[in-house]
Structure formats: C-alpha cells, structure tokens
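K.L.:
This is the structure I have questions about; it appears just below.
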Amino acid sequence: MAAYSLLMLPGDGIGPEVMRQVRRVIDWMGRRRDLEFTVSEGLVGGCAIDAYGVPLSDETMAQALAADAVLLGAVGGPKWDGVSFDKRPEAGLLRLRKEMELFANLRPAVVFDALVDASTLKPEVVRGLDIMIVRELTGGVYFGEPRGIEDLGNGIRRGVNTQVYTTPEIQRVARVAFELARKRGNKVCSCEKRNVMESGLLWNQDVTALHAAEYKDVELSHMLADAAAMQLVRNPKQFDVIVTDNLFGDILSDEAAMLTGSIGMLPSASLGAADASGRRKALYEPVHGSAPDIAGRDIANPIASLLSFGMALRYSFDRGEEADLLDRAVQNVLKGGMRTADIMSPGMARCSTSVMGDSILRELDKLVG
Ligand code: IPM
Ligand code: MG
C-alpha cells in the first residue's frame with residue numbers, strides 16, 4: 001500500500017508540544033495498523049516570520065497543496081503583535097485556507113461522559129451533547145475587499161472590512177452541512193443576521209432554495225446568529241448541524257467548545273471540494289489557539305490535536321475504524337481519571353501533555369490487544 005503524505009505544521013506557542021503527541025500516534029498507526037504515512041514538517045506563523053520573514057513561505061505553501069493532508073498546531077503570539085495584518089502569524093493560516101480553497105470547516109462539539117462536570121454549564125444541559133458546526137472558511141469579512149485603515153486627517157482614521165458572499169459560496173458550504181446532517185440527526189440550522197445584513201438575507205434565501213431543490217428530506221431551520229449564541233448555552237441539544245458564515249462560525253465554535261468543558265477538546269477539519277477521483281484538499285487543526293501563556297510548560301491539552309488527526313483518518317483516509325479507536329482511547333483515558341490542567345476537576349489525576357500522550361498510546365495498545 002502506498003504511504004499517504006502528511007505535512008505537519010506545528011506553528012507557535014503550544015502548537016509544537018501538542019503536535020509531538022500527534023506524531024507519536026501517527027507512528028503508532030504505522031506500527032500497529034498498517035497505515036503508513038510519509039511525514040514532512042514545515043513552519044507556519046510566527047516561527048516562519050522569524051525564519052523566513054513571512055508567515056508562510058511559497059515552498060511550504062506548495063508542499064501543503066501537494067500533501068494528502070495538512071496537520072496544523074496553532075499560530076500567533078504577543079511577540080508578533082503590532083505588525084500589519086499581512087505579516088502577522090495568522091496570515092499564514094489564512095493563506096493556507098484560501099489557496100487550498102478549504103471552504104468548509106467542520107467543528108464538532110462532543111461532550112464526553114467523563115467530562116460532563118468539567119463544563120461550566122449544568123450537567124443536564126450538556127450531557128450527551130453532539131453537535132457539528134459547519135463554518136464557511138474562505139469568504140465573508142475575513143477576505144472581503146475593500147479593507148484597511150485609512151487616514152482621514154485631523155487625527156481621524158477609518159477602519160473598513162467588507163462582508164461579502166456569493167450564491168455559489170453559500171450553496172457549496174450549505175451542501176456540506178446537508179450531506180453531513182443526513183449521516184447524523186438529519187437537522188440543519190442555518191445562522192446569519194438577515195435582519196441587518198444583505199449578505200445574511202442572501203445567505204438565508206440561498207440556503208432555503210438549495211434545501212427546497214435538493215434536500216427536502218433534511219429538517220431545515222433558520223436562526224439569527226445572536227439568538228443562536230444564546231440558544232447554544234440555553235439548550236445546545238436542540239442542534240444537530242449548524243451552518244454559518246466565517247465570522248459567526250468563528251465565534252459560535254468557541255462558544256460551543258466551552259460546552260465540552262474546554263477549548264482544549266475541540267478538533268476541526270477544513271475541507272475543499274472533491275476532485276474527479278473524490279479526493280479533497282484538507283487541513284486539520286485544533287480549534288484552540290497558541291496559548292502563549294502556557295507554552296513550553298508541558299501542561300497543554302493535546303486531545304484537540306489528537307482528535308483532529310482522528311478527523312483526518314475519517315475524512316481524508318477513509319479509516320473510520322482507526323478514528324473510532326482513537327476516539328475510544330481518549331474516552332477511556334478520561335474515564336480513568338487522567339486530566340490535563342484545563343479539564344481538571346476534584347478527585348481526578350492531573351497530568352502533563354506528554355503523560356496524556358503516554359496514556360492514550362497505552363490505551364491504544366490495550367484496545368488492539
Ligand atoms: C480559528 C482562529 C483563527 C480564525 C485565527 C487564528 C486566524 O480563531 O481558527 O478559529 O479567526 O479563524
Ligand atoms: Mg477562532
């Protein structure tokens with residue numbers, strides 16, 4: 001069997017230390033599951049700025065385009081604040097998303113039984129929660145033109161960003177949401193601000209039209225994005241799949257992350273369109289950021305990154321069995337009481353990043369016997 005190519009971009013802050021645990025699981029898959037990967041590494045974000053003067057070099061961009069999947073850690077940190085947007089660490093990540101055309105960002109928020117008490121919400125509100133946020137990732141206000149800060153003179157400046165969507169952009173991401181819903185709870189809730197934004201009105205109309213034409217079997221509802229933020233903490237289990245734009249998806253997915261107890265638990269997959277052979281460009285990354293305040297201390301939670309690799313197994317390599325194994329290993333380790341600092345609760349065993357990795361590997365060994 002030919003090896004799949006993986007490009008690892010650990011990035012900044014806690015990125016490298018959590019990705020080290022991912023690397024161990026990749027190697028485990030090669031040893032124990034006959035799943036060979038050719039792994040290369042590159043720089044993205046602040047570390048790339050330090051090394052090359054840009055947050056993503058053209059060579060790394062080309063490697064990302066050629067890889068079967070990209071695994072990213074996190075980008076950013078105070079060291080690189082205060083420079084123009086195109087030179088910030090985040091610009092490296094945005095370039096990857098844009099040039100790989102990763103328009104569909106899947107952010108599942110699943111509450112593991114063992115972590116019900118780690119959430120700041122009441123156990124009965126979050127127990128058994130399993131929702132999927134589908135965030136549009138290559139359009140909207142993140143990329144719209146015009147943008148910039150303009151000097152109007154007399155000490156007055158003007159900051160501009162543009163929220164813009166076209167029908168094909170809306171429909172292709174809505175299609176991903178409908179298809180996913182069919183394999184889950186068969187419900188899609190589309191969120192926008194049609195009460196104040198034309199782009200929201202168009203979003204609403206295009207999703208409605210696509211639903212009527214191709215997905216009548218799926219239950220579709222619409223919610224204003226602010227109301228959705230409220231409903232996510234009031235009664236999150238009413239949702240199955242949420243589809244929304246780039247900015248609202250950024251915000252709602254951080255909110256959804258905290259339902260699960262910690263943002264350190266949330267994985268994500270960013271997918272492009274399928275080509276003729278059914279393959280999609282794909283990038284997998286934890287939803288959390290670089291957490292510079294705890295970087296280098298071996299206390300970060302590697303689970304979001306590990307589950308992101310699990311999503312790669314599922315969506316890029318069609319190895320659902322191995323993805324399930326990894327999910328189960330994580331669940332069992334949590335059931336056994338191991339906790340990194342972010343999900344620590346009374347009576348549990350606090351552990352480091354690397355010990356969490358050790359435990360998950362040991363559990364994987366146990367599961368395959
Ligand atoms: C995310 C992050 C990014 C975003 C940043 C790092 C550019 O918050 O993936 O949610 O805003 O999309
Ligand atoms: Mg975010």
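Labels used: A, B, ... for chains in the order of the structure tokens, numbers from 1 for residues in each chain, and numbers from 1 for ligands as shown.
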Just the residues within 7 Å of range 119-127 of chain A, please, counting only C-alpha atoms, with nothing from its chain fewer than 4 positions along; format it as a compact mmCIF listing (two decimals) with C-alpha atoms, in the first residue's frame.
P.N.:
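Resulting contents of part.txt:
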```txt
# COMPACT_ATOMS: atom_id res chain seq x y z
CA VAL A 111 -19.30 16.16 25.36
CA ASP A 113 -19.41 11.48 29.58
CA ASN A 235 -30.36 24.41 25.23
CA MET A 258 -16.74 25.57 26.13
CA LEU A 259 -19.86 23.40 26.29
CA THR A 260 -17.50 20.45 26.12
CA GLY A 261 -15.56 21.60 29.17
```
K.L.:
Residues up to 8 Å from ligand 1, counting only C-alpha atoms and all ligand atoms: could you list those as a PyMOL selection string?
P.N.:
chain A and resi 74-76+90-91+93-94+137+246-247+250-251+253-254+286-289
K.L.:
Give me the residues within 7 Å of range 200-213 of chain A as a list in words, counting only C-alpha atoms and dropping any in the same chain fewer than 2 places off.
P.N.:
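Near range 200-213 of chain A, the qualifying residues are Thr167, Ile170, Gln171, Ala174, Glu192, Lys193, Arg194, Met197, Glu198, Tyr215 and Lys216 of chain A.
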K.L.:
With N, CA and C atoms retained, could you export that selection as a PDB file, in the first residue's frame?
P.N.:
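Below is the file that was written, result15.pdb:
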```
ATOM      1  N   THR A 167     -23.742  33.435  -4.207  1.00  0.00           N
ATOM      2  CA  THR A 167     -24.585  32.236  -4.147  1.00  0.00           C
ATOM      3  C   THR A 167     -23.769  30.934  -4.196  1.00  0.00           C
ATOM      4  N   ILE A 170     -22.195  30.256  -0.823  1.00  0.00           N
ATOM      5  CA  ILE A 170     -23.173  29.875   0.204  1.00  0.00           C
ATOM      6  C   ILE A 170     -23.646  28.445  -0.036  1.00  0.00           C
ATOM      7  N   GLN A 171     -23.947  28.141  -1.296  1.00  0.00           N
ATOM      8  CA  GLN A 171     -24.534  26.826  -1.566  1.00  0.00           C
ATOM      9  C   GLN A 171     -23.537  25.691  -1.373  1.00  0.00           C
ATOM     10  N   ALA A 174     -23.380  25.041   2.333  1.00  0.00           N
ATOM     11  CA  ALA A 174     -24.670  24.511   2.806  1.00  0.00           C
ATOM     12  C   ALA A 174     -24.822  23.054   2.394  1.00  0.00           C
ATOM     13  N   GLU A 192     -27.495  33.416  10.447  1.00  0.00           N
ATOM     14  CA  GLU A 192     -26.992  34.659   9.841  1.00  0.00           C
ATOM     15  C   GLU A 192     -27.661  35.833  10.539  1.00  0.00           C
ATOM     16  N   LYS A 193     -27.464  37.030  10.038  1.00  0.00           N
ATOM     17  CA  LYS A 193     -28.137  38.223  10.567  1.00  0.00           C
ATOM     18  C   LYS A 193     -28.897  38.882   9.417  1.00  0.00           C
ATOM     19  N   ARG A 194     -29.928  38.185   8.936  1.00  0.00           N
ATOM     20  CA  ARG A 194     -30.697  38.713   7.807  1.00  0.00           C
ATOM     21  C   ARG A 194     -31.502  39.946   8.191  1.00  0.00           C
ATOM     22  N   MET A 197     -28.269  42.527   7.719  1.00  0.00           N
ATOM     23  CA  MET A 197     -27.226  42.436   6.693  1.00  0.00           C
ATOM     24  C   MET A 197     -27.767  41.836   5.397  1.00  0.00           C
ATOM     25  N   GLU A 198     -27.483  42.490   4.281  1.00  0.00           N
ATOM     26  CA  GLU A 198     -27.902  41.953   2.983  1.00  0.00           C
ATOM     27  C   GLU A 198     -27.246  40.595   2.725  1.00  0.00           C
ATOM     28  N   TYR A 215     -32.656  18.974  -0.848  1.00  0.00           N
ATOM     29  CA  TYR A 215     -32.514  18.360   0.482  1.00  0.00           C
ATOM     30  C   TYR A 215     -33.793  18.426   1.311  1.00  0.00           C
ATOM     31  N   LYS A 216     -34.927  18.247   0.671  1.00  0.00           N
ATOM     32  CA  LYS A 216     -36.208  18.337   1.390  1.00  0.00           C
ATOM     33  C   LYS A 216     -36.326  17.321   2.526  1.00  0.00           C
TER      34      LYS A 216
END
```
K.L.:
Select from range 54-150 of chain A everything DSSP, run on the backbone, classes as alpha helix (DSSP H), then give the selection as a ChimeraX atom specification.
P.N.:
/A:58-66,89-99,123-126
K.L.:
Let me see the file: selected residues, N, CA and C atoms, as a PDB file, in the first residue's frame.
P.N.:
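As written to disk, result-v6.pdb reads:
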```pdb
ATOM      1  N   ASP A  58       6.521  30.363   0.195  1.00  0.00           N
ATOM      2  CA  ASP A  58       5.936  29.765  -1.014  1.00  0.00           C
ATOM      3  C   ASP A  58       6.220  28.260  -1.083  1.00  0.00           C
ATOM      4  N   GLU A  59       7.413  27.866  -0.589  1.00  0.00           N
ATOM      5  CA  GLU A  59       7.746  26.430  -0.629  1.00  0.00           C
ATOM      6  C   GLU A  59       6.793  25.638   0.269  1.00  0.00           C
ATOM      7  N   THR A  60       6.537  26.167   1.461  1.00  0.00           N
ATOM      8  CA  THR A  60       5.631  25.463   2.377  1.00  0.00           C
ATOM      9  C   THR A  60       4.219  25.434   1.800  1.00  0.00           C
ATOM     10  N   MET A  61       3.822  26.549   1.171  1.00  0.00           N
ATOM     11  CA  MET A  61       2.505  26.587   0.528  1.00  0.00           C
ATOM     12  C   MET A  61       2.408  25.489  -0.530  1.00  0.00           C
ATOM     13  N   ALA A  62       3.462  25.339  -1.333  1.00  0.00           N
ATOM     14  CA  ALA A  62       3.457  24.320  -2.387  1.00  0.00           C
ATOM     15  C   ALA A  62       3.400  22.917  -1.783  1.00  0.00           C
ATOM     16  N   GLN A  63       4.128  22.714  -0.694  1.00  0.00           N
ATOM     17  CA  GLN A  63       4.095  21.404  -0.013  1.00  0.00           C
ATOM     18  C   GLN A  63       2.686  21.093   0.489  1.00  0.00           C
ATOM     19  N   ALA A  64       2.024  22.137   1.016  1.00  0.00           N
ATOM     20  CA  ALA A  64       0.665  21.945   1.552  1.00  0.00           C
ATOM     21  C   ALA A  64      -0.293  21.547   0.432  1.00  0.00           C
ATOM     22  N   LEU A  65      -0.128  22.183  -0.728  1.00  0.00           N
ATOM     23  CA  LEU A  65      -1.005  21.881  -1.858  1.00  0.00           C
ATOM     24  C   LEU A  65      -0.792  20.453  -2.364  1.00  0.00           C
ATOM     25  N   ALA A  66       0.446  19.952  -2.198  1.00  0.00           N
ATOM     26  CA  ALA A  66       0.760  18.622  -2.714  1.00  0.00           C
ATOM     27  C   ALA A  66       0.427  17.508  -1.721  1.00  0.00           C
ATOM     28  N   PRO A  89       1.307  36.282  12.105  1.00  0.00           N
ATOM     29  CA  PRO A  89       1.264  34.814  12.056  1.00  0.00           C
ATOM     30  C   PRO A  89      -0.046  34.293  11.464  1.00  0.00           C
ATOM     31  N   GLU A  90      -1.166  34.922  11.846  1.00  0.00           N
ATOM     32  CA  GLU A  90      -2.487  34.466  11.394  1.00  0.00           C
ATOM     33  C   GLU A  90      -2.591  34.478   9.869  1.00  0.00           C
ATOM     34  N   ALA A  91      -1.845  35.378   9.217  1.00  0.00           N
ATOM     35  CA  ALA A  91      -1.916  35.471   7.756  1.00  0.00           C
ATOM     36  C   ALA A  91      -1.435  34.179   7.101  1.00  0.00           C
ATOM     37  N   GLY A  92      -0.528  33.466   7.772  1.00  0.00           N
ATOM     38  CA  GLY A  92      -0.047  32.190   7.242  1.00  0.00           C
ATOM     39  C   GLY A  92      -1.178  31.169   7.185  1.00  0.00           C
ATOM     40  N   LEU A  93      -1.941  31.109   8.252  1.00  0.00           N
ATOM     41  CA  LEU A  93      -3.074  30.188   8.314  1.00  0.00           C
ATOM     42  C   LEU A  93      -4.148  30.580   7.301  1.00  0.00           C
ATOM     43  N   LEU A  94      -4.410  31.882   7.193  1.00  0.00           N
ATOM     44  CA  LEU A  94      -5.442  32.336   6.259  1.00  0.00           C
ATOM     45  C   LEU A  94      -5.025  32.066   4.818  1.00  0.00           C
ATOM     46  N   ARG A  95      -3.732  32.181   4.549  1.00  0.00           N
ATOM     47  CA  ARG A  95      -3.261  31.872   3.188  1.00  0.00           C
ATOM     48  C   ARG A  95      -3.450  30.388   2.871  1.00  0.00           C
ATOM     49  N   LEU A  96      -3.142  29.540   3.824  1.00  0.00           N
ATOM     50  CA  LEU A  96      -3.363  28.099   3.622  1.00  0.00           C
ATOM     51  C   LEU A  96      -4.830  27.823   3.303  1.00  0.00           C
ATOM     52  N   ARG A  97      -5.725  28.394   4.119  1.00  0.00           N
ATOM     53  CA  ARG A  97      -7.159  28.153   3.913  1.00  0.00           C
ATOM     54  C   ARG A  97      -7.598  28.648   2.544  1.00  0.00           C
ATOM     55  N   LYS A  98      -7.125  29.839   2.178  1.00  0.00           N
ATOM     56  CA  LYS A  98      -7.568  30.454   0.929  1.00  0.00           C
ATOM     57  C   LYS A  98      -7.008  29.710  -0.287  1.00  0.00           C
ATOM     58  N   GLU A  99      -5.693  29.473  -0.307  1.00  0.00           N
ATOM     59  CA  GLU A  99      -5.081  28.888  -1.511  1.00  0.00           C
ATOM     60  C   GLU A  99      -5.386  27.396  -1.658  1.00  0.00           C
ATOM     61  N   PRO A 123     -24.765  19.892  34.228  1.00  0.00           N
ATOM     62  CA  PRO A 123     -24.602  18.582  33.577  1.00  0.00           C
ATOM     63  C   PRO A 123     -25.787  18.217  32.687  1.00  0.00           C
ATOM     64  N   GLU A 124     -27.010  18.485  33.137  1.00  0.00           N
ATOM     65  CA  GLU A 124     -28.170  18.057  32.335  1.00  0.00           C
ATOM     66  C   GLU A 124     -28.268  18.838  31.030  1.00  0.00           C
ATOM     67  N   VAL A 125     -27.640  20.010  30.974  1.00  0.00           N
ATOM     68  CA  VAL A 125     -27.677  20.807  29.742  1.00  0.00           C
ATOM     69  C   VAL A 125     -26.719  20.238  28.689  1.00  0.00           C
ATOM     70  N   VAL A 126     -25.591  19.688  29.139  1.00  0.00           N
ATOM     71  CA  VAL A 126     -24.565  19.271  28.167  1.00  0.00           C
ATOM     72  C   VAL A 126     -24.388  17.755  28.015  1.00  0.00           C
TER      73      VAL A 126
END
```
K.L.:
Excluding Ala48 in chain A and any residue of its chain fewer than 5 positions from it, enumerate the residues within 9 Å of it, using only C-alpha atoms, and give them as a PyMOL selection string.
P.N.:
chain A and resi 11+42-43+53-57+89+92
K.L.:
Find the residue from A:Leu252, A:Leu334, A:Ala225, A:Leu180 that sits nearest to ligand 2; use only C-alpha atoms and all ligand atoms when measuring.
P.N.:
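Among the listed residues, the smallest separation from ligand 2 belongs to A:Leu252.
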K.L.:
Find the spatial neighbours of Met223 in chain A, counting only C-alpha atoms, within a cut-off of 9 Å - ignore same-chain residues fewer than 2 positions away - and output them as a JSON list (two decimals) with C-alpha atoms, in the first residue's frame.
P.N.:
```
[["chain", "number", "residue", "atom", "x", "y", "z"],
["A", 189, "CYS", "CA", -29.88, 25.15, 11.48],
["A", 190, "SER", "CA", -28.61, 28.00, 9.29],
["A", 191, "CYS", "CA", -27.45, 31.12, 11.15],
["A", 192, "GLU", "CA", -26.99, 34.66, 9.84],
["A", 193, "LYS", "CA", -28.14, 38.22, 10.57],
["A", 221, "SER", "CA", -34.42, 25.81, 10.42],
["A", 225, "ALA", "CA", -26.73, 34.35, 14.82],
["A", 226, "ASP", "CA", -27.12, 36.27, 18.09],
["A", 227, "ALA", "CA", -30.12, 34.15, 19.07],
["A", 228, "ALA", "CA", -28.09, 31.05, 18.17]]
```
K.L.:
How many Å separate CA of Met29 in chain A from CA of Ile299 in chain A?
P.N.:
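One can read the CA of Met29 in chain A to CA of Ile299 in chain A distance as 24.7 Å.
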K.L.:
Using only C-alpha atoms, can you tell me which of A:Pro236, A:Gly73, A:Gly46, A:Gly144 comes closest to Gln21 in chain A?
P.N.:
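Among the listed residues, A:Gly73 lies closest to Gln21 in chain A.
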K.L.:
In Å, rounded to a single decimal, give me how far CA of Ser290 in chain A is from CA of Ile14 in chain A.
P.N.:
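It comes out at 5.2 Å.
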